[in-house]
2 protein chains.
Amino acid sequence: MEIADWRRKIDELDEQIVKLLNERASAARAIGRLKQTASLPVYEPNRENTVFEHVQTINAGPLPHEELKHIYERIIDVMRSIQRPPSENRK
Amino acid sequence: MEIADWRRKIDELDEQIVKLLNERASAARAIGRLKQTASLPVYEPNRENTVFEHVQTINAGPLPHEELKHIYERIIDVMRSIQRPPSENRK
């Protein structure tokens with residue numbers, strides 16, 4: 001395979017990744033609404049650690065754990081930010 | 001659905017996301033090897049812009065474009081780092 005073929009493969013993978021990230025965002029928003037109803041905090045470090053442990057457990061490589069964690073740190077930052085109601089984002 | 005159900009859903013999504021990120025990493029490594037053989041640079045800003053445009057085009061929400069871009073900036077940073085041969089990473 002040449003560079004152009006691998007890039008086509010990457011574009012196809014990105015289509016799936018973007019779809020799944022959006023599904024994850026919908027789930028995070030649903031949790032955000034449930035937390036708001038129950039007056040629970042958006043930031044839950046224990047749950048975030050569980051997510052990091054989970055992705056490390058299921059990681060079969062070739063991505064090193066540290067690099068996968070870098071990506072997930074950003075995913076979780078973004079999910080936390082869209083979980084907050086708009087008024088809290090302005091703070 | 002309760003918070004625990006949504007979290008189970010998120011864990012399932014993460015299993016798929018981690019798998020796809022690893023497939024993307026394999027493709028990036030293959031490209032890295034081809035670039036090395038052809039003495040091409042690892043950093044190609046035009047290709048990176050194409051990736052950002054592509055993910056923006058296919059993004060159907062609810063993730064805002066800016067937030068998706070934040071995630072992809074990190075994904076691309078990581079992919080660039082694993083594309084470099086070990087000797088270059090030490091620089």
# chains A, B, ... in the order shown; residues from 1 in each chain; ligands from 1
>>> calpha_fit_and_write(fixed="chain A", moving="chain B", output="PDB file with C-alpha atoms, in the first residue's frame")
ATOM      1  CA  MET B   1      -0.010   0.002  -0.004  1.00  0.00           C
ATOM      2  CA  GLU B   2       1.160   3.511  -0.803  1.00  0.00           C
ATOM      3  CA  ILE B   3       0.813   6.657   1.318  1.00  0.00           C
ATOM      4  CA  ALA B   4      -2.381   7.671  -0.530  1.00  0.00           C
ATOM      5  CA  ASP B   5      -3.966   4.269   0.202  1.00  0.00           C
ATOM      6  CA  TRP B   6      -3.139   4.504   3.900  1.00  0.00           C
ATOM      7  CA  ARG B   7      -4.595   7.998   3.978  1.00  0.00           C
ATOM      8  CA  ARG B   8      -7.826   6.762   2.462  1.00  0.00           C
ATOM      9  CA  LYS B   9      -7.870   4.107   5.173  1.00  0.00           C
ATOM     10  CA  ILE B  10      -7.306   6.825   7.827  1.00  0.00           C
ATOM     11  CA  ASP B  11     -10.162   8.904   6.389  1.00  0.00           C
ATOM     12  CA  GLU B  12     -12.469   5.892   6.677  1.00  0.00           C
ATOM     13  CA  LEU B  13     -11.343   5.287  10.274  1.00  0.00           C
ATOM     14  CA  ASP B  14     -11.949   8.965  11.092  1.00  0.00           C
ATOM     15  CA  GLU B  15     -15.520   8.651   9.839  1.00  0.00           C
ATOM     16  CA  GLN B  16     -16.118   5.862  12.360  1.00  0.00           C
ATOM     17  CA  ILE B  17     -14.190   7.628  15.155  1.00  0.00           C
ATOM     18  CA  VAL B  18     -16.144  10.896  14.696  1.00  0.00           C
ATOM     19  CA  LYS B  19     -19.435   8.975  14.787  1.00  0.00           C
ATOM     20  CA  LEU B  20     -18.457   7.186  18.001  1.00  0.00           C
ATOM     21  CA  LEU B  21     -17.164  10.378  19.654  1.00  0.00           C
ATOM     22  CA  ASN B  22     -20.547  11.947  18.924  1.00  0.00           C
ATOM     23  CA  GLU B  23     -22.362   8.953  20.415  1.00  0.00           C
ATOM     24  CA  ARG B  24     -20.109   9.309  23.459  1.00  0.00           C
ATOM     25  CA  ALA B  25     -20.986  13.015  23.616  1.00  0.00           C
ATOM     26  CA  SER B  26     -24.717  12.214  23.510  1.00  0.00           C
ATOM     27  CA  ALA B  27     -24.266   9.806  26.415  1.00  0.00           C
ATOM     28  CA  ALA B  28     -22.214  12.387  28.349  1.00  0.00           C
ATOM     29  CA  ARG B  29     -24.946  14.982  27.813  1.00  0.00           C
ATOM     30  CA  ALA B  30     -27.593  12.546  29.048  1.00  0.00           C
ATOM     31  CA  ILE B  31     -25.488  11.938  32.160  1.00  0.00           C
ATOM     32  CA  GLY B  32     -25.072  15.705  32.552  1.00  0.00           C
ATOM     33  CA  ARG B  33     -28.833  16.173  32.580  1.00  0.00           C
ATOM     34  CA  LEU B  34     -29.310  13.371  35.123  1.00  0.00           C
ATOM     35  CA  LYS B  35     -26.585  14.860  37.328  1.00  0.00           C
ATOM     36  CA  GLN B  36     -28.235  18.276  37.156  1.00  0.00           C
ATOM     37  CA  THR B  37     -31.600  16.812  38.201  1.00  0.00           C
ATOM     38  CA  ALA B  38     -29.929  15.005  41.093  1.00  0.00           C
ATOM     39  CA  SER B  39     -27.675  17.998  41.964  1.00  0.00           C
ATOM     40  CA  LEU B  40     -24.559  15.861  41.460  1.00  0.00           C
ATOM     41  CA  PRO B  41     -21.228  17.448  40.486  1.00  0.00           C
ATOM     42  CA  VAL B  42     -20.054  17.303  36.838  1.00  0.00           C
ATOM     43  CA  TYR B  43     -16.470  16.582  37.879  1.00  0.00           C
ATOM     44  CA  GLU B  44     -16.153  13.068  39.268  1.00  0.00           C
ATOM     45  CA  PRO B  45     -12.489  12.108  39.546  1.00  0.00           C
ATOM     46  CA  ASN B  46     -13.259   8.505  40.510  1.00  0.00           C
ATOM     47  CA  ARG B  47     -15.283   7.922  37.353  1.00  0.00           C
ATOM     48  CA  GLU B  48     -12.567   9.596  35.251  1.00  0.00           C
ATOM     49  CA  ASN B  49      -9.954   7.262  36.754  1.00  0.00           C
ATOM     50  CA  THR B  50     -12.172   4.292  35.980  1.00  0.00           C
ATOM     51  CA  VAL B  51     -12.314   5.422  32.340  1.00  0.00           C
ATOM     52  CA  PHE B  52      -8.501   5.731  32.159  1.00  0.00           C
ATOM     53  CA  GLU B  53      -8.078   2.276  33.712  1.00  0.00           C
ATOM     54  CA  HIS B  54     -10.643   0.787  31.361  1.00  0.00           C
ATOM     55  CA  VAL B  55      -9.037   2.142  28.193  1.00  0.00           C
ATOM     56  CA  GLN B  56      -5.625   0.987  29.424  1.00  0.00           C
ATOM     57  CA  THR B  57      -7.011  -2.530  30.068  1.00  0.00           C
ATOM     58  CA  ILE B  58      -8.563  -2.840  26.612  1.00  0.00           C
ATOM     59  CA  ASN B  59      -5.628  -1.276  24.759  1.00  0.00           C
ATOM     60  CA  ALA B  60      -4.067  -3.947  22.548  1.00  0.00           C
ATOM     61  CA  GLY B  61      -1.602  -1.541  20.886  1.00  0.00           C
ATOM     62  CA  PRO B  62       0.310  -0.453  18.896  1.00  0.00           C
ATOM     63  CA  LEU B  63      -0.537   2.821  20.698  1.00  0.00           C
ATOM     64  CA  PRO B  64       1.554   3.001  23.887  1.00  0.00           C
ATOM     65  CA  HIS B  65      -0.611   3.424  27.009  1.00  0.00           C
ATOM     66  CA  GLU B  66       0.816   6.880  27.664  1.00  0.00           C
ATOM     67  CA  GLU B  67      -0.154   8.103  24.195  1.00  0.00           C
ATOM     68  CA  LEU B  68      -3.638   6.645  24.453  1.00  0.00           C
ATOM     69  CA  LYS B  69      -3.975   8.339  27.812  1.00  0.00           C
ATOM     70  CA  HIS B  70      -2.975  11.684  26.227  1.00  0.00           C
ATOM     71  CA  ILE B  71      -5.820  11.292  23.744  1.00  0.00           C
ATOM     72  CA  TYR B  72      -8.299  10.292  26.440  1.00  0.00           C
ATOM     73  CA  GLU B  73      -7.348  13.212  28.656  1.00  0.00           C
ATOM     74  CA  ARG B  74      -8.493  15.490  25.858  1.00  0.00           C
ATOM     75  CA  ILE B  75     -11.639  13.446  25.167  1.00  0.00           C
ATOM     76  CA  ILE B  76     -12.588  13.630  28.845  1.00  0.00           C
ATOM     77  CA  ASP B  77     -11.862  17.387  29.013  1.00  0.00           C
ATOM     78  CA  VAL B  78     -14.186  17.946  26.077  1.00  0.00           C
ATOM     79  CA  MET B  79     -16.904  15.646  27.458  1.00  0.00           C
ATOM     80  CA  ARG B  80     -16.763  17.428  30.814  1.00  0.00           C
ATOM     81  CA  SER B  81     -17.103  20.782  29.079  1.00  0.00           C
ATOM     82  CA  ILE B  82     -20.197  19.752  27.073  1.00  0.00           C
ATOM     83  CA  GLN B  83     -21.726  18.171  30.200  1.00  0.00           C
ATOM     84  CA  ARG B  84     -21.899  21.477  32.012  1.00  0.00           C
ATOM     85  CA  PRO B  85     -25.007  23.610  31.550  1.00  0.00           C
ATOM     86  CA  PRO B  86     -24.249  26.784  29.492  1.00  0.00           C
ATOM     87  CA  SER B  87     -24.425  29.047  32.568  1.00  0.00           C
ATOM     88  CA  GLU B  88     -21.591  27.115  34.242  1.00  0.00           C
ATOM     89  CA  ASN B  89     -19.422  27.257  31.138  1.00  0.00           C
ATOM     90  CA  ARG B  90     -19.410  31.020  31.347  1.00  0.00           C
ATOM     91  CA  LYS B  91     -17.889  30.945  34.826  1.00  0.00           C
TER      92      LYS B  91
END
>>> select_by_dssp(residues="chain A", states="alpha helix (DSSP H)", output="PyMOL selection string")
chain A and resi 3-37+45-58+65-83+86-89
